[in-house]
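Novice: Here you go, one structure.
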Amino acid sequence: MSGAVIIDAVRSPMGRGKSSGALAGVHPVDLLARVLAALIDRTGIDPAIVDDVLVGCVSQAGEQSATPGRQAWLAAGFPVSVPSVTIERKCGSGQQAIEFAAAGIVAGLYDVAIAGGVESMSRVPMGSARMGADPFGPAVRSRFPDLVPQGVSAELVAHRWGLTRAQLDEYSARSHERAAKADFGAEIVPIEGVLASDETIRPDTSVARLGELRPAFATDEHRARFPDLDWKVTAGNSSQITDGASALLLMSEARAADLGLRPRARIVASSIVGDDPTLMLTGPIPATRRVLARAGVSVDDVDAFEVNEAFAAVPLAWQQELGVPDGKLNPCGGAIALGHPLGASGARLMTTLLNHLAASGGRLGLQTMCEAGGMANATLVERIG
C-alpha cells in the first residue's frame, strides 16, 4: 500500500466510561464532530475534497445507530456532499477503517479519505446492539461448544502461556507508569469546557494495589467448567471502559503532493486473520507474522509496536511468541491505562504510534489488535514526516 499516506491524526482525551466520567455528558456524534473539525483545521484542507468518512463503531445502537460518521460530519458544519460509512470489526473497527481507507486509495476509489472511530461507552453501554439476543446461533455453538466471554478467554490465554498474576499486574502497573510519563499533547484535541487530557491514567497505580483486586470472571459456572485455571484476570489488568474518538486524514501520495501537504507516514502493509474463537485473543500473533512477511521485514526492523491491551495477557503472550523487547512494546502505555473505547481504539493506537515515532525518531511502527470472535488486524507504517 505504498500509495496511501497519512497526513495527520488526532484524538479526543480518553474519558472514563461511567456516568460520572467527564465525557458522559457529550453525545458521541458531538464528540466525533469536534475531533473531525480539529483534523480539518490542523491540515487546512477544503473539507469538500474528502471522498468518504470511514468510522469504526461497535455498539451501533441508540445514539450511535444513525451512521455516526455522517452525523458528526454534518454536526461539524461540513459539506453535505461528503458521505460516511460505519465499520464494525469489534475492537479492531477503527483500525479496519484505516485499512479500508488505504485500500480504497490504492485501488483508485478515493483520493482523500478520513478514517477513525468513536465509542461512548457511558452513553451506549457495551452489548447494547445485542439487546439480550444470542449472536452465535445453534450451528456455531454446536461446532464450538466451549465459547466463553472475552474475560475467560484472557484467563485461558494466561494459562496457555504460563503467565502469572504477578506478571499481569506488573505489566499493568507499567502501562499506567508509561502513560503518565508520555506527552500526548501533539495528538489530543481538548473537548473545550469538558476535558483537556486523559482522565483514565492512574499514576499512583502499583503492583501491590493491583494485587488486592479479585479475579473478575471467576464465577461458579466458569470455575466448574475450567477447574484447572488459576484465576488471575482482574479489572486492574484489563482495559478500561472508556469514551473517546479519533480520526486520521489519508490521501494518495500524488494528491498530497498536489496540495503541498507533507505526509507523516506511509501505510506499508496490512493483514487480517482469523484464529481460535474460544481463545479469541491470540489473533495478533499470526496477524503480526503475516504483515511482517508481506513487508519483507523482521521484528528487529520495527522500532515500536502497539498491541492493544484488551487484557494484559494479550500483549504478554504476543511478546513471548514474537520476542519483542519490553522497550518497544506499547512504549506510551496502552488501553489498561488509557482505556478502550471499542470502535475508536484502532484509530487511537495509530495516532499514538505516529506521535511516538515522530518523538523518538523511529522509522517503522506496527499496530495489532485482538478482536471478538478470534480475529485480528495488523498494520505496518513507515514514518516519512
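Every chain in the C-alpha cells has a letter given in the order shown (A, B, ...), and although residue numbers restart at 1 in each chain, ligands are simply numbered from 1 in the order shown.
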Kindly assemble as CSV a list of the region 287-360 of chain A residues that lie within 12 Å of region 125-147 of chain A, each paired with its nearest atom pair and their distance in Å to one decimal, using only C-alpha atoms, sorted first by chain and then by ascending residue number.
Specialist:
```
residue,atom,partner,partner_atom,distance
A:His340,CA,A:Met126,CA,11.2
A:Pro341,CA,A:Met126,CA,9.7
A:Leu342,CA,A:Met126,CA,8.6
A:Gly343,CA,A:Met126,CA,10.8
```
Novice: With only C-alpha atoms counted and 10 Å as the cut-off, give the residues of region 228-302 of chain A in contact with region 157-181 of chain A, each with its shortest interatomic distance in Å and the pair that gives it, as a Markdown table.
Specialist:
```
| residue | atom | partner | partner_atom | distance |
| --- | --- | --- | --- | --- |
| A:Asp228 | CA | A:His159 | CA | 8.9 |
| A:Leu229 | CA | A:His159 | CA | 6.7 |
| A:Asp230 | CA | A:His159 | CA | 7.6 |
| A:Trp231 | CA | A:Arg165 | CA | 8.4 |
| A:Lys232 | CA | A:Arg165 | CA | 5.3 |
| A:Val233 | CA | A:Arg165 | CA | 7.6 |
| A:Thr234 | CA | A:Asp169 | CA | 9.0 |
| A:Gly236 | CA | A:Ser172 | CA | 7.1 |
| A:Asn237 | CA | A:Ser172 | CA | 5.3 |
| A:Ser238 | CA | A:Ser172 | CA | 7.9 |
| A:Ser239 | CA | A:Ser172 | CA | 9.3 |
| A:Thr278 | CA | A:Val157 | CA | 9.9 |
| A:Leu279 | CA | A:Val157 | CA | 6.4 |
| A:Met280 | CA | A:Val157 | CA | 8.8 |
| A:Leu281 | CA | A:Val157 | CA | 7.5 |
| A:Thr282 | CA | A:Val157 | CA | 7.6 |
```
Novice: Pull N, CA and C atoms from the residues just selected and write them as a PDB file, in the first residue's frame.
Specialist:
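selection09.pdb written:
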```pdb
ATOM      1  N   ASP A 228      -9.025 -26.293  36.191  1.00  0.00           N
ATOM      2  CA  ASP A 228      -7.570 -26.214  36.243  1.00  0.00           C
ATOM      3  C   ASP A 228      -7.040 -24.787  36.198  1.00  0.00           C
ATOM      4  N   LEU A 229      -7.922 -23.819  35.977  1.00  0.00           N
ATOM      5  CA  LEU A 229      -7.453 -22.438  35.867  1.00  0.00           C
ATOM      6  C   LEU A 229      -7.160 -21.839  37.238  1.00  0.00           C
ATOM      7  N   ASP A 230      -6.060 -21.081  37.293  1.00  0.00           N
ATOM      8  CA  ASP A 230      -5.714 -20.296  38.474  1.00  0.00           C
ATOM      9  C   ASP A 230      -6.133 -18.862  38.162  1.00  0.00           C
ATOM     10  N   TRP A 231      -7.324 -18.496  38.537  1.00  0.00           N
ATOM     11  CA  TRP A 231      -7.960 -17.264  38.066  1.00  0.00           C
ATOM     12  C   TRP A 231      -7.162 -16.034  38.472  1.00  0.00           C
ATOM     13  N   LYS A 232      -6.866 -15.164  37.487  1.00  0.00           N
ATOM     14  CA  LYS A 232      -5.947 -14.045  37.741  1.00  0.00           C
ATOM     15  C   LYS A 232      -6.274 -12.774  36.968  1.00  0.00           C
ATOM     16  N   VAL A 233      -7.281 -12.788  36.102  1.00  0.00           N
ATOM     17  CA  VAL A 233      -7.646 -11.602  35.322  1.00  0.00           C
ATOM     18  C   VAL A 233      -8.591 -10.733  36.152  1.00  0.00           C
ATOM     19  N   THR A 234      -8.187  -9.496  36.380  1.00  0.00           N
ATOM     20  CA  THR A 234      -8.954  -8.570  37.211  1.00  0.00           C
ATOM     21  C   THR A 234      -9.298  -7.303  36.419  1.00  0.00           C
ATOM     22  N   GLY A 236      -8.131  -4.564  37.128  1.00  0.00           N
ATOM     23  CA  GLY A 236      -6.895  -3.795  37.079  1.00  0.00           C
ATOM     24  C   GLY A 236      -5.939  -4.213  35.997  1.00  0.00           C
ATOM     25  N   ASN A 237      -5.976  -5.478  35.563  1.00  0.00           N
ATOM     26  CA  ASN A 237      -5.098  -5.891  34.464  1.00  0.00           C
ATOM     27  C   ASN A 237      -5.878  -6.136  33.178  1.00  0.00           C
ATOM     28  N   SER A 238      -6.990  -5.409  33.056  1.00  0.00           N
ATOM     29  CA  SER A 238      -7.813  -5.410  31.848  1.00  0.00           C
ATOM     30  C   SER A 238      -7.971  -3.967  31.371  1.00  0.00           C
ATOM     31  N   SER A 239      -8.406  -3.805  30.127  1.00  0.00           N
ATOM     32  CA  SER A 239      -8.631  -2.462  29.587  1.00  0.00           C
ATOM     33  C   SER A 239      -9.808  -1.798  30.282  1.00  0.00           C
ATOM     34  N   THR A 278     -12.422 -19.585  20.614  1.00  0.00           N
ATOM     35  CA  THR A 278     -12.524 -19.790  22.065  1.00  0.00           C
ATOM     36  C   THR A 278     -11.392 -19.063  22.782  1.00  0.00           C
ATOM     37  N   LEU A 279     -10.155 -19.281  22.346  1.00  0.00           N
ATOM     38  CA  LEU A 279      -9.051 -18.484  22.889  1.00  0.00           C
ATOM     39  C   LEU A 279      -9.246 -17.017  22.525  1.00  0.00           C
ATOM     40  N   MET A 280      -9.753 -16.753  21.338  1.00  0.00           N
ATOM     41  CA  MET A 280     -10.287 -15.472  20.878  1.00  0.00           C
ATOM     42  C   MET A 280      -9.256 -14.351  20.746  1.00  0.00           C
ATOM     43  N   LEU A 281      -8.299 -14.252  21.673  1.00  0.00           N
ATOM     44  CA  LEU A 281      -7.439 -13.082  21.790  1.00  0.00           C
ATOM     45  C   LEU A 281      -6.041 -13.299  21.227  1.00  0.00           C
ATOM     46  N   THR A 282      -5.832 -14.401  20.527  1.00  0.00           N
ATOM     47  CA  THR A 282      -4.496 -14.766  20.055  1.00  0.00           C
ATOM     48  C   THR A 282      -4.229 -14.341  18.617  1.00  0.00           C
TER      49      THR A 282
END
```
Novice: Counting only C-alpha atoms, give me one row per residue of region 190-263 of chain A with an atom at most 9 Å from an atom of region 92-100 of chain A, showing the shortest contact pair and its distance in Å to one decimal, sorted by chain then residue number, as a tab-separated table.
Specialist:
```
residue	atom	partner	partner_atom	distance
A:Ser246	CA	A:Gly94	CA	8.3
A:Ala247	CA	A:Gly94	CA	8.8
A:Leu248	CA	A:Ile98	CA	7.8
A:Leu250	CA	A:Ile98	CA	8.2
```
Novice: Those residues with N, CA and C atoms, as an mmCIF file, in the first residue's frame please?
Specialist:
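Result went into selection12.cif, see below:
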```cif
data_model
loop_
_atom_site.group_PDB
_atom_site.id
_atom_site.type_symbol
_atom_site.label_atom_id
_atom_site.label_comp_id
_atom_site.auth_asym_id
_atom_site.auth_seq_id
_atom_site.Cartn_x
_atom_site.Cartn_y
_atom_site.Cartn_z
ATOM 1 N N SER A 246 -11.348 9.271 17.587
ATOM 2 C CA SER A 246 -10.084 9.573 16.919
ATOM 3 C C SER A 246 -10.318 9.613 15.414
ATOM 4 N N ALA A 247 -9.456 10.350 14.694
ATOM 5 C CA ALA A 247 -9.615 10.441 13.237
ATOM 6 C C ALA A 247 -8.271 10.721 12.581
ATOM 7 N N LEU A 248 -8.102 10.158 11.379
ATOM 8 C CA LEU A 248 -6.880 10.334 10.590
ATOM 9 C C LEU A 248 -7.254 10.765 9.176
ATOM 10 N N LEU A 250 -6.123 10.519 5.354
ATOM 11 C CA LEU A 250 -5.298 9.750 4.429
ATOM 12 C C LEU A 250 -5.499 10.266 3.006
#
```
Novice: Using DSSP on the backbone coordinates, identify the residues of region 131-265 of chain A assigned to helix (DSSP H, G or I); present them as a PyMOL selection string.
Specialist: chain A and resi 137-143+150-160+165-181+207-210+220-225+253-259
Novice: How many Å lie between CA of Gly21 (chain A) and CA of Gln64 (chain A), rounded to one decimal?
Specialist: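 Pair CA of Gly21 (chain A) / CA of Gln64 (chain A) returns 18.2 Å.
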Novice: At a cut-off of 6 Å, using only C-alpha atoms, what residues contact Ser120 (chain A)? Leave out same-chain residues fewer than 4 positions from it and give the result as a list in words.
Specialist: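 Contacts, in chain order: Pro28, Val124 and Asp243 of chain A.
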Novice: Taking only C-alpha atoms into account, name the residue in A:Asn330, A:Thr352, A:Thr379, A:Ser153 that is nearest to Ser271 (chain A).
Specialist: A:Thr379
Novice: From the list A:Gly334, A:Asp300, A:Phe184, A:Ala287, which residue is nearest Trp318 (chain A) when using only C-alpha atoms?
Specialist: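 That would be A:Ala287, the residue with the smallest distance to Trp318 (chain A).
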Novice: Using only C-alpha atoms, which of the listed residues (A:Leu259, A:Pro149, A:Gly346, A:Val194) sits closest to Gly373 (chain A)?
Specialist: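 Checking each of A:Leu259, A:Pro149, A:Gly346, A:Val194 against Gly373 (chain A), counting only C-alpha atoms, the winner is A:Pro149.
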Novice: Name the closest residue to Cys91 (chain A) among the candidates A:Ser252, A:Val297, A:Val118, A:Asp276; distances are taken between atoms, counting only C-alpha atoms.
Specialist: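 Between A:Ser252, A:Val297, A:Val118, A:Asp276, the residue approaching Cys91 (chain A) most closely is A:Val118.
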Novice: State, in Å with one decimal place, the distance from CA of Arg89 (chain A) to CA of Ile384 (chain A).
Specialist: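 Computed distance, CA of Arg89 (chain A) to CA of Ile384 (chain A), equals 28.4 Å.
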Novice: If you run DSSP on the backbone here, which positions in region 170-326 of chain A get strand (DSSP E or B)? Please write them as a PyMOL selection string.
Specialist: chain A and resi 188+191+195+238+242-252+265-274+304-307+311
Novice: Would you put the residues from that selection into a file with C-alpha atoms, as a PDB file, in the first residue's frame?
Specialist:
```
ATOM      1  CA  ILE A 188      -5.132  15.261  21.833  1.00  0.00           C
ATOM      2  CA  ILE A 191     -13.046  18.968  24.409  1.00  0.00           C
ATOM      3  CA  LEU A 195     -11.925  17.543  29.263  1.00  0.00           C
ATOM      4  CA  SER A 238      -7.813  -5.410  31.848  1.00  0.00           C
ATOM      5  CA  THR A 242     -13.949   4.418  28.051  1.00  0.00           C
ATOM      6  CA  ASP A 243     -15.437   7.227  25.957  1.00  0.00           C
ATOM      7  CA  GLY A 244     -13.344   8.502  23.056  1.00  0.00           C
ATOM      8  CA  ALA A 245     -12.956   9.340  19.385  1.00  0.00           C
ATOM      9  CA  SER A 246     -10.084   9.573  16.919  1.00  0.00           C
ATOM     10  CA  ALA A 247      -9.615  10.441  13.237  1.00  0.00           C
ATOM     11  CA  LEU A 248      -6.880  10.334  10.590  1.00  0.00           C
ATOM     12  CA  LEU A 249      -6.584  12.026   7.195  1.00  0.00           C
ATOM     13  CA  LEU A 250      -5.298   9.750   4.429  1.00  0.00           C
ATOM     14  CA  MET A 251      -4.517  10.570   0.801  1.00  0.00           C
ATOM     15  CA  SER A 252      -2.777   9.239  -2.234  1.00  0.00           C
ATOM     16  CA  ALA A 265       3.603   8.203   7.432  1.00  0.00           C
ATOM     17  CA  ARG A 266       3.079   5.664   4.691  1.00  0.00           C
ATOM     18  CA  ILE A 267       0.960   2.520   5.006  1.00  0.00           C
ATOM     19  CA  VAL A 268       3.466  -0.230   4.177  1.00  0.00           C
ATOM     20  CA  ALA A 269       1.382  -3.401   4.598  1.00  0.00           C
ATOM     21  CA  SER A 270      -1.582  -4.828   6.459  1.00  0.00           C
ATOM     22  CA  SER A 271      -3.065  -8.195   7.305  1.00  0.00           C
ATOM     23  CA  ILE A 272      -6.310  -9.592   8.656  1.00  0.00           C
ATOM     24  CA  VAL A 273      -6.586 -13.066  10.193  1.00  0.00           C
ATOM     25  CA  GLY A 274      -8.976 -15.366  11.950  1.00  0.00           C
ATOM     26  CA  ALA A 304       7.734   0.361  18.095  1.00  0.00           C
ATOM     27  CA  PHE A 305       4.764  -1.971  18.496  1.00  0.00           C
ATOM     28  CA  GLU A 306       1.252  -1.056  19.612  1.00  0.00           C
ATOM     29  CA  VAL A 307      -0.508  -4.224  20.764  1.00  0.00           C
ATOM     30  CA  PHE A 311      -6.134  -7.674  28.787  1.00  0.00           C
TER      31      PHE A 311
END
```
Novice: Point out the residue among A:Ala310, A:Ala102, A:Met350, A:Leu380 with the least atom-to-atom distance to Ile241 (chain A), counting only C-alpha atoms.
Specialist: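 Among the listed residues, A:Ala310 lies closest to Ile241 (chain A).
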Novice: CA of Gly362 (chain A) to CA of Arg289 (chain A): how many Å, to one decimal?
Specialist: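 Taking CA of Gly362 (chain A) and CA of Arg289 (chain A), their separation equals 20.3 Å.
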Novice: Excluding Asn308 (chain A) and residues on its chain fewer than 5 positions from it, collect all residues at most 7 Å away from it, counting only C-alpha atoms, and give them as a PDB file with C-alpha atoms, in the first residue's frame.
Specialist:
```
ATOM      1  CA  GLY A 334      -1.946   1.209  26.403  1.00  0.00           C
ATOM      2  CA  ALA A 335      -5.618   0.508  26.961  1.00  0.00           C
ATOM      3  CA  THR A 368      -2.190  -5.012  16.013  1.00  0.00           C
ATOM      4  CA  MET A 369      -5.431  -5.687  17.870  1.00  0.00           C
TER       5      MET A 369
END
```
Novice: Restricting the calculation to only C-alpha atoms, which member of A:Gly385, A:Gly185, A:Gly62, A:Pro215 is positioned closest to Ser12 (chain A)?
Specialist: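 Of the candidates, the smallest distance to Ser12 (chain A) is held by A:Gly185.
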Novice: I want to know what sits within 7 Å of Val50 (chain A), based on only C-alpha atoms, with residues of the same chain fewer than 4 positions away left out; could you give that as a PyMOL selection string?
Specialist: chain A and resi 82+112-113
Novice: Okay, now the selection with C-alpha atoms, as a PDB file, in the first residue's frame?
Specialist:
```pdb
ATOM      1  CA  VAL A  82     -19.362  14.028   1.673  1.00  0.00           C
ATOM      2  CA  VAL A 112      -8.781  11.659   0.048  1.00  0.00           C
ATOM      3  CA  ALA A 113     -10.396   9.804   2.944  1.00  0.00           C
TER       4      ALA A 113
END
```
